[in-house]
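Colleague: Quick one: this structure, given as structure tokens, is what I'll be asking you about.
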Amino acid sequence: MTTTGNWTNESTGIVNGDGSATSTTGNMNNFGTWSAAITWCSAGFDTGMPSAEDCTTSGTTCAFVSLPVELSDFYGTALEHHNLLAWVTQTEKDCETFIVAKSTDGYYWDELGKVNCVGNSTNANYYEFRDIHISGGISYYRLKQIDVDGTVHYSQPISISNRASQKLMTYPNPISAGELVYIAGIEGDGKISIRNAAGLIVSEEQISLNSGESATINSQGFSAGLYIVEFVNGEDQKTTKFIIR
């Protein structure tokens with residue numbers, strides 16, 4: 001299977017059989033049982049996957065978008081002091097506001113805050129929201145989009161696990177060549193390197209960020225393909241990836 005959203009196998013879940021599982025724009029999380037015969041590939045970050053990533057496989061694409069605006073990406077990652085949510089709209093028509101809601105069980109939702117829409121646009125627009133009220137375990141998030149006429153629409157939910165240590169996250173993902181890539185999860189001083197699928201460094205720089213800030217990488221001159229992001233701070237090394245279409 002190939003999906004265009006985040007994919008989570010919960011602690012009671014069993015993924016059995018063989019074949020491949022691919023997330024072309026989202027994250028993959030595994031907290032349950034996963035057959036060793038199933039290969040996997042995640043465009044975003046991964047948690048708890050039982051084997052090495054294999055991105056040579058693919059399948060049939062399924063689209064999860066239900067908002068009338070063209071919501072191309074909805075991401076989330078656990079940082080040290082908060083959970084970062086980010087989403088991208090490619091087009092908007094009569095959009096008034098996004099309301100970010102949170103759940104601990106996927107059934108009962110509490111509203112966390114509001115983010116105003118651009119409204120009407122044919123360009124890509126990037127949004128962020130930080131949830132500072134975090135605890136251990138899994139948190140679920142969804143977007144409630146309200147139109148100017150009061151019509152309400154909901155996104156599919158995503159999940160973030162705070163069981164794992166702080167991770168890097170790139171967004172939007174995938175991108176087109178020349179677009180900016182935002183990298184969340186970098187704190188302090190260190191070196192950030194971008195490697196292509198062959199392992200060659202195509203970009204490298206020293207960077208210093210405060211908590212909550214995102215780094216940016218200009219992909220001008222990059223070819224289409226998979227890129228690995230590495231951040232090294234002393235003995236601490238973190239990696240993530242993004243794709244250029």
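For the structure tokens, the naming scheme is as follows: chains receive sequential letters (A, B, ...) according to their order of presentation, residues are indexed from 1 within each chain, and ligands are indexed from 1 in presentation order.
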Give me the residues near Trp34 of chain A as JSON, numbers by chain, where near means some atom within 8 Å (using only C-alpha atoms) and where sequence neighbours in that chain fewer than 5 positions away do not count.

Modeller: {"A": [14, 15, 16, 49, 50]}

Colleague: Extract the full set of strand (DSSP E) residues from segment 27-236 of chain A according to DSSP on the backbone, and format it as an MDAnalysis selection string.

Modeller: chainID A and resid 28:30 33:34 38:42 46:47 61:62 70:78 83:91 95:103 110:116 125:131 138:147 152:154 158:161 169:171 180:184 188:196 201:209 215:218 225:233 236

Colleague: Grab the residues selected above and save them as a CSV table (one decimal), in the first residue's frame with C-alpha atoms.

Modeller:
chain,number,residue,atom,x,y,z
A,28,MET,CA,5.1,6.1,9.8
A,29,ASN,CA,4.7,5.0,13.4
A,30,ASN,CA,4.7,1.4,14.7
A,33,THR,CA,3.3,-6.1,15.8
A,34,TRP,CA,4.8,-5.8,12.3
A,38,ILE,CA,6.7,-6.3,5.0
A,39,THR,CA,9.1,-3.6,3.7
A,40,TRP,CA,8.5,0.0,4.4
A,41,CYS,CA,9.4,3.6,3.2
A,42,SER,CA,8.5,6.8,4.9
A,46,ASP,CA,9.5,7.1,11.5
A,47,THR,CA,9.0,5.6,15.0
A,61,THR,CA,-1.8,5.8,-3.9
A,62,CYS,CA,-4.7,6.6,-1.6
A,70,GLU,CA,-6.4,21.9,-1.1
A,71,LEU,CA,-4.6,20.7,2.0
A,72,SER,CA,-1.5,18.9,0.6
A,73,ASP,CA,0.3,18.2,3.9
A,74,PHE,CA,-0.5,17.9,7.6
A,75,TYR,CA,2.5,17.0,9.8
A,76,GLY,CA,3.4,16.7,13.4
A,77,THR,CA,6.4,15.9,15.5
A,78,ALA,CA,7.4,15.7,19.2
A,83,ASN,CA,4.5,19.2,19.8
A,84,LEU,CA,4.9,21.0,16.5
A,85,LEU,CA,2.0,20.8,14.0
A,86,ALA,CA,2.5,22.1,10.4
A,87,TRP,CA,0.2,22.1,7.4
A,88,VAL,CA,0.3,23.4,3.8
A,89,THR,CA,-2.5,24.5,1.6
A,90,GLN,CA,-2.0,24.7,-2.1
A,91,THR,CA,-5.2,26.6,-2.8
A,95,CYS,CA,-11.5,29.9,4.2
A,96,GLU,CA,-11.9,31.9,7.4
A,97,THR,CA,-10.0,29.9,10.1
A,98,PHE,CA,-8.4,26.7,11.2
A,99,ILE,CA,-9.2,25.3,14.7
A,100,VAL,CA,-6.6,22.9,16.0
A,101,ALA,CA,-8.1,20.1,18.1
A,102,LYS,CA,-6.5,17.4,20.3
A,103,SER,CA,-7.5,14.0,21.6
A,110,ASP,CA,-10.6,19.5,22.8
A,111,GLU,CA,-9.9,22.7,20.9
A,112,LEU,CA,-6.4,24.1,21.4
A,113,GLY,CA,-6.4,27.3,19.4
A,114,LYS,CA,-7.1,29.1,16.1
A,115,VAL,CA,-5.0,30.0,13.1
A,116,ASN,CA,-6.5,32.4,10.6
A,125,ASN,CA,0.6,28.7,2.2
A,126,TYR,CA,2.4,27.3,5.3
A,127,TYR,CA,0.9,27.2,8.8
A,128,GLU,CA,2.3,26.2,12.2
A,129,PHE,CA,0.9,25.6,15.7
A,130,ARG,CA,2.7,24.6,18.9
A,131,ASP,CA,1.0,22.5,21.6
A,138,ILE,CA,0.2,9.4,22.0
A,139,SER,CA,-1.7,12.6,21.2
A,140,TYR,CA,-4.1,12.9,18.2
A,141,TYR,CA,-4.6,16.1,16.3
A,142,ARG,CA,-7.0,17.3,13.6
A,143,LEU,CA,-7.9,20.5,11.8
A,144,LYS,CA,-11.4,22.0,11.8
A,145,GLN,CA,-11.7,24.3,8.9
A,146,ILE,CA,-14.4,27.0,9.0
A,147,ASP,CA,-15.5,28.8,5.8
A,152,VAL,CA,-17.3,23.3,8.8
A,153,HIS,CA,-15.0,20.6,7.5
A,154,TYR,CA,-12.5,18.3,9.2
A,158,ILE,CA,-2.6,12.6,12.8
A,159,SER,CA,-0.8,11.2,15.8
A,160,ILE,CA,2.3,12.1,17.7
A,161,SER,CA,4.0,9.9,20.2
A,169,MET,CA,10.9,17.0,10.9
A,170,THR,CA,10.9,18.5,7.4
A,171,TYR,CA,8.0,20.3,5.9
A,180,LEU,CA,12.4,26.2,0.8
A,181,VAL,CA,12.5,23.2,3.2
A,182,TYR,CA,11.7,23.9,6.8
A,183,ILE,CA,13.5,21.7,9.4
A,184,ALA,CA,12.1,21.5,13.0
A,188,GLY,CA,21.5,24.7,20.0
A,189,ASP,CA,24.7,24.8,17.9
A,190,GLY,CA,25.7,22.2,15.4
A,191,LYS,CA,26.3,21.3,11.8
A,192,ILE,CA,23.5,20.5,9.4
A,193,SER,CA,24.3,18.5,6.3
A,194,ILE,CA,22.1,17.5,3.3
A,195,ARG,CA,23.0,14.2,1.5
A,196,ASN,CA,21.5,12.9,-1.8
A,201,ILE,CA,26.9,15.9,0.7
A,202,VAL,CA,25.1,18.6,-1.4
A,203,SER,CA,24.8,21.2,1.3
A,204,GLU,CA,26.5,21.8,4.7
A,205,GLU,CA,26.5,24.7,7.2
A,206,GLN,CA,27.0,25.5,10.9
A,207,ILE,CA,23.7,26.6,12.5
A,208,SER,CA,22.5,27.9,15.9
A,209,LEU,CA,18.8,27.9,16.8
A,215,ALA,CA,15.9,26.0,10.1
A,216,THR,CA,15.4,26.6,6.3
A,217,ILE,CA,17.2,25.0,3.4
A,218,ASN,CA,17.0,26.5,-0.1
A,225,GLY,CA,15.0,12.6,-5.6
A,226,LEU,CA,15.4,11.6,-1.9
A,227,TYR,CA,17.6,13.7,0.4
A,228,ILE,CA,18.8,12.9,3.9
A,229,VAL,CA,19.1,15.7,6.5
A,230,GLU,CA,21.7,15.2,9.3
A,231,PHE,CA,22.1,17.4,12.3
A,232,VAL,CA,25.2,16.8,14.5
A,233,ASN,CA,25.6,18.5,17.9
A,236,ASP,CA,24.1,13.8,19.4

Colleague: Could you jot down the atom CA of Glu10 of chain A to atom CA of Glu80 of chain A separation for me, Å, one decimal place?

Modeller: 22.5 Å

Colleague: In Å, with one decimal, what is the gap from atom CA of His133 of chain A to atom CA of His81 of chain A?

Modeller: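 Interatomic distance here is 8.7 Å.
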
Colleague: Using Å and a single decimal, report how far atom CA of Pro172 of chain A sits from atom CA of Glu213 of chain A.

Modeller: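 These atoms are spaced 15.7 Å apart.
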